[in-house]
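Worksheet: the structure to be examined is printed underneath.
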Amino acid sequence: MKLDVKTKEHSYDIIIGKGILKNCASYIVNTGKSPAKILIVTDENVAQFYGDTVCESLKTIAEVKLVVLPAGETTKSLGYLSDLYDEAFSFGMTRTDLAVALGGGVIGDLTGFFASTVLRGIDVVQIPTTLLSQVDSSVGGKTAIDVSWGKNLVGTFYQPSLVIADTATLDTLPDEEFSSGLAEVIKYGCIWDKDFFDKINSAADRKGLMKIIDEIVYTCCDIKRQVVEQDELDTALRMILNFGHTAGHIVEKAYNYTGYTHGEAVAFGMIIAARLGERLGITEEGTTKRIEETIKKFQLPYDIKITHEALSGITLDKKTSGNSISVILLDKIGKFNMHKMSTTEYVELLKEIW
Ligand SMILES: NC(=O)c1ccc[n+]([C@@H]2O[C@H](COP(=O)([O-])OP(=O)(O)OC[C@H]3O[C@@H](n4cnc5c(N)ncnc54)[C@H](O)[C@@H]3O)[C@@H](O)[C@H]2O)c1
Ligand SMILES: [Zn+2]
């Protein structure tokens with residue numbers, strides 16, 4: 001399956017399929033690029049499963065260097081970014097060479113940022129290997145690293161020249177990571193496509209989802225593509241991708257970013273957003289129940305406790321401007337509703353419904 005994404009600078013393809021990793025060289029050749037050197041960045045878990053396959057393929061078209069970093073969010077740092085610059089210069093890379101990000105969102109964000117800055121920008125190919133990175137982070141061109149002031153605070157908008165999403169790589173993904181990505185999948189259905197939401201629900205479990213995984217990844221990328229093409233620089237429409245994320249971030253923060261994964265927090269955040277919408281008379285009755293059922297079925301959390309003190313103390317993030325906040329609600333499943341309200345009203349309502 002192939003999806004063509006148009007951005008202001010150039011268009012690029014997202015190629016989706018099972019077992020396509022071994023052909024990654026030919027997809028790169030098809031873009032018309034002919035790098036002399038390719039720097040492949042990955043993490044230790046991914047290297048163990050897929051490092052050789054990708055190296056073997058890419059060796060047929062260029063000189064290859066594989067950089068294996070530790071797994072985990074802490075790798076998205078200035079320290080490892082600096083290491084990548086060292087690796088690139090000691091490898092003798094020039095502006096026409098290529099960086100390849102082989103891994104989840106951590107490797108994708110770090111390598112994307114590296115590629116956008118080294119030698120004032122070299123091409124980057126994303127090879128996402130987690131469900132989250134296949135349906136979310138590899139599309140849209142946001143790159144970032146974390147600094148001591150917070151997550152994703154330093155970054156660029158930089159589009160890849162190609163995305164290769166091999167869905168067979170998801171077979172080795174731990175359950176927790178699969179669920180984390182699934183929360184974003186459910187999100188796309190909620191805000192954009194009821195038929196897709198129903199399709200997800202027709203699967204009984206992870207195994208059932210894997211039977212239709214190519215279609216799932218394709219549909220999510222296609223929805224994100226449509227949103228991003230209309231709002232490349234993240235000013236308006238792209239906010240709808242934050243459905244479930246405002247309350248989700250409150251959970252992540254309240255539990256110190258360790259109690260729940262991002263996906264788990266977002267899953268419950270979607271329930272809160274649906275409840276809030278129903279409470280305000282915006283969301284069709286019964287919507288919360290349907291979302292709750294889906295979340296339960298796929299073993300994501302449907303009841304996360306939070307104290308009213310924690311709610312009162314919250315500082316809302318970048319979705320606020322002055323004293324108002326744009327909350328993404330639903331009219332019904334498949335149709336988002338961007339709703340502006342005062343932050344005080346938002347917090348008071350949260351206390352009522354949480
Ligand atoms: N750029 C964006 O638009 C965007 C959007 C959403 C999230 N993000 C970022 O993405 C990051 C999270 O991404 P993630 O959830 O992919 O996490 P991740 O990259 O940390 O991967 C999760 C874990 O799975 C392992 N793994 C990866 N692929 C595997 C495979 N096929 N088999 C076995 N193990 C595998 C990794 O080693 C890691 O331990 C965060 O840093 C977040 O900020 C970016
Ligand atoms: Zn998210």
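Ligands are numbered from 1 in the order shown, chains are lettered A, B, ... in the order of the structure tokens, and residues start at 1 in each chain.
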Mind listing the alpha helix (DSSP H) residues of region 103-235 of chain A, per DSSP on the backbone, as a PDB file with C-alpha atoms, in the first residue's frame?
ATOM      1  CA  GLY A 105       9.147   7.566  17.921  1.00  0.00           C
ATOM      2  CA  VAL A 106      12.225   8.162  20.055  1.00  0.00           C
ATOM      3  CA  ILE A 107      14.633   7.196  17.275  1.00  0.00           C
ATOM      4  CA  GLY A 108      12.403   8.917  14.688  1.00  0.00           C
ATOM      5  CA  ASP A 109      12.273  12.239  16.539  1.00  0.00           C
ATOM      6  CA  LEU A 110      15.992  12.277  17.391  1.00  0.00           C
ATOM      7  CA  THR A 111      17.156  11.211  13.932  1.00  0.00           C
ATOM      8  CA  GLY A 112      14.751  13.617  12.238  1.00  0.00           C
ATOM      9  CA  PHE A 113      16.099  16.483  14.318  1.00  0.00           C
ATOM     10  CA  PHE A 114      19.672  15.404  13.626  1.00  0.00           C
ATOM     11  CA  ALA A 115      19.008  15.176   9.860  1.00  0.00           C
ATOM     12  CA  SER A 116      17.333  18.577   9.788  1.00  0.00           C
ATOM     13  CA  THR A 117      20.352  20.278  11.335  1.00  0.00           C
ATOM     14  CA  LEU A 131       2.495   1.035  16.161  1.00  0.00           C
ATOM     15  CA  LEU A 132       2.683   4.563  17.570  1.00  0.00           C
ATOM     16  CA  ASP A 175       1.901  -5.714  24.485  1.00  0.00           C
ATOM     17  CA  GLU A 176       2.256  -2.477  26.424  1.00  0.00           C
ATOM     18  CA  GLU A 177       3.789  -0.719  23.425  1.00  0.00           C
ATOM     19  CA  PHE A 178       1.130  -2.121  21.102  1.00  0.00           C
ATOM     20  CA  SER A 179      -1.661  -0.787  23.354  1.00  0.00           C
ATOM     21  CA  SER A 180       0.031   2.573  23.544  1.00  0.00           C
ATOM     22  CA  GLY A 181      -0.153   2.938  19.766  1.00  0.00           C
ATOM     23  CA  LEU A 182      -3.665   1.547  19.713  1.00  0.00           C
ATOM     24  CA  ALA A 183      -4.921   4.479  21.777  1.00  0.00           C
ATOM     25  CA  GLU A 184      -3.889   6.793  18.920  1.00  0.00           C
ATOM     26  CA  VAL A 185      -5.571   4.460  16.415  1.00  0.00           C
ATOM     27  CA  ILE A 186      -8.849   4.680  18.363  1.00  0.00           C
ATOM     28  CA  LYS A 187      -8.379   8.456  18.483  1.00  0.00           C
ATOM     29  CA  TYR A 188      -8.344   8.720  14.678  1.00  0.00           C
ATOM     30  CA  GLY A 189     -11.614   6.807  14.511  1.00  0.00           C
ATOM     31  CA  CYS A 190     -13.201   9.055  17.143  1.00  0.00           C
ATOM     32  CA  ILE A 191     -12.341  12.371  15.507  1.00  0.00           C
ATOM     33  CA  TRP A 192     -12.588  11.494  11.828  1.00  0.00           C
ATOM     34  CA  LYS A 194     -16.893   6.220  12.335  1.00  0.00           C
ATOM     35  CA  ASP A 195     -16.579   3.288   9.918  1.00  0.00           C
ATOM     36  CA  PHE A 196     -12.948   2.976  10.903  1.00  0.00           C
ATOM     37  CA  PHE A 197     -13.901   3.100  14.593  1.00  0.00           C
ATOM     38  CA  ASP A 198     -16.390   0.273  13.977  1.00  0.00           C
ATOM     39  CA  LYS A 199     -13.769  -1.706  12.079  1.00  0.00           C
ATOM     40  CA  ILE A 200     -11.357  -1.526  15.028  1.00  0.00           C
ATOM     41  CA  ASN A 201     -14.185  -2.715  17.243  1.00  0.00           C
ATOM     42  CA  SER A 202     -14.900  -5.665  15.006  1.00  0.00           C
ATOM     43  CA  ARG A 206      -4.444  -7.814  19.172  1.00  0.00           C
ATOM     44  CA  LYS A 207      -4.390 -10.909  16.960  1.00  0.00           C
ATOM     45  CA  GLY A 208      -7.581  -9.786  15.268  1.00  0.00           C
ATOM     46  CA  LEU A 209      -6.180  -6.309  14.746  1.00  0.00           C
ATOM     47  CA  MET A 210      -3.006  -7.752  13.211  1.00  0.00           C
ATOM     48  CA  LYS A 211      -5.137  -9.388  10.509  1.00  0.00           C
ATOM     49  CA  ILE A 213      -3.056  -4.063  10.389  1.00  0.00           C
ATOM     50  CA  ASP A 214      -2.012  -2.772   6.953  1.00  0.00           C
ATOM     51  CA  GLU A 215      -5.405  -1.184   6.506  1.00  0.00           C
ATOM     52  CA  ILE A 216      -5.280   0.247  10.043  1.00  0.00           C
ATOM     53  CA  VAL A 217      -1.877   1.869   9.529  1.00  0.00           C
ATOM     54  CA  TYR A 218      -2.920   3.122   6.080  1.00  0.00           C
ATOM     55  CA  THR A 219      -6.145   4.709   7.361  1.00  0.00           C
ATOM     56  CA  CYS A 220      -4.425   6.416  10.303  1.00  0.00           C
ATOM     57  CA  CYS A 221      -1.640   7.794   8.101  1.00  0.00           C
ATOM     58  CA  ASP A 222      -4.236   8.945   5.590  1.00  0.00           C
ATOM     59  CA  ILE A 223      -6.212  10.814   8.263  1.00  0.00           C
ATOM     60  CA  LYS A 224      -3.065  12.414   9.689  1.00  0.00           C
ATOM     61  CA  ARG A 225      -1.984  13.269   6.121  1.00  0.00           C
ATOM     62  CA  GLN A 226      -5.257  15.086   5.432  1.00  0.00           C
ATOM     63  CA  VAL A 227      -5.019  17.023   8.679  1.00  0.00           C
ATOM     64  CA  VAL A 228      -1.339  17.893   8.290  1.00  0.00           C
ATOM     65  CA  GLU A 229      -1.641  18.883   4.620  1.00  0.00           C
ATOM     66  CA  GLN A 230      -4.152  21.485   5.705  1.00  0.00           C
TER      67      GLN A 230
END
Discussion item. Distance limit 8 Å, reference ligand 1, atoms considered: only C-alpha atoms and all ligand atoms. Which residues make the cut? Give them as a PyMOL selection string.
Written reply: chain A and resi 43-46+49-50+70-73+76+103-109+128-133+136-145+151-152+169-174+177+180-181+262
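Reported to one decimal place, the separation of CA of His339 (chain A) from CA of Val327 (chain A) is 5.2 Å.
Ranking A:Ala204, A:Met239, A:Leu66, A:Ile353 by their shortest atom-to-atom distance to ligand 2, with only C-alpha atoms and all ligand atoms included, puts A:Met239 first.
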Worksheet item: Which residue out of A:Ile250, A:Met338, A:Ala273, A:Ile325 has the minimum interatomic distance to Ile306 (chain A) when only C-alpha atoms are used?
Response: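 Using only C-alpha atoms, Ile306 (chain A) sits closest to A:Ile250.
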Worksheet entry | Residue nearest ligand 2 among A:Glu63, A:Asp4, A:Asp231, A:Glu252 (counting only C-alpha atoms and all ligand atoms) |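 Nearest candidate to ligand 2 out of A:Glu63, A:Asp4, A:Asp231, A:Glu252: A:Glu252.
Using only C-alpha atoms, the nearest neighbour of Ala99 (chain A) within the list A:Ile127, A:Val67, A:Leu39, A:Val154 is A:Leu39.
You can rank A:Ala165, A:Ala267, A:Leu119, A:Val251 by their closest distance to ligand 2 using only C-alpha atoms and all ligand atoms, and at the top of that list sits A:Ala267.
In terms of minimum interatomic distance to Gly155 (chain A), A:Ser77 ranks closest within A:Asp331, A:Leu21, A:Val266, A:Ser77, counting only C-alpha atoms.
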Item to complete: Based on DSSP run over this structure's backbone, return all residues of region 55-299 of chain A in strand (DSSP E), as a ChimeraX atom specification.
Response: /A:63-69,98-103,123-128,142-147,150-157,162-166
Fill in: Close residues, Val29 (chain A) itself excluded, 12 Å, only C-alpha atoms, min 4 positions apart in chain, as a count of residues only
16
Practice prompt. Take CA of Ile14 (chain A) and CA of Asp123 (chain A) and report the distance between them in Å, one decimal.
Written response: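 Atom-to-atom, CA of Ile14 (chain A) to CA of Asp123 (chain A), that is 15.0 Å.
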Discussion item. Can you measure CA of Leu153 (chain A) to CA of Phe243 (chain A) for me? One decimal in Å is fine.
Written reply: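 One can read the CA of Leu153 (chain A) to CA of Phe243 (chain A) distance as 20.6 Å.
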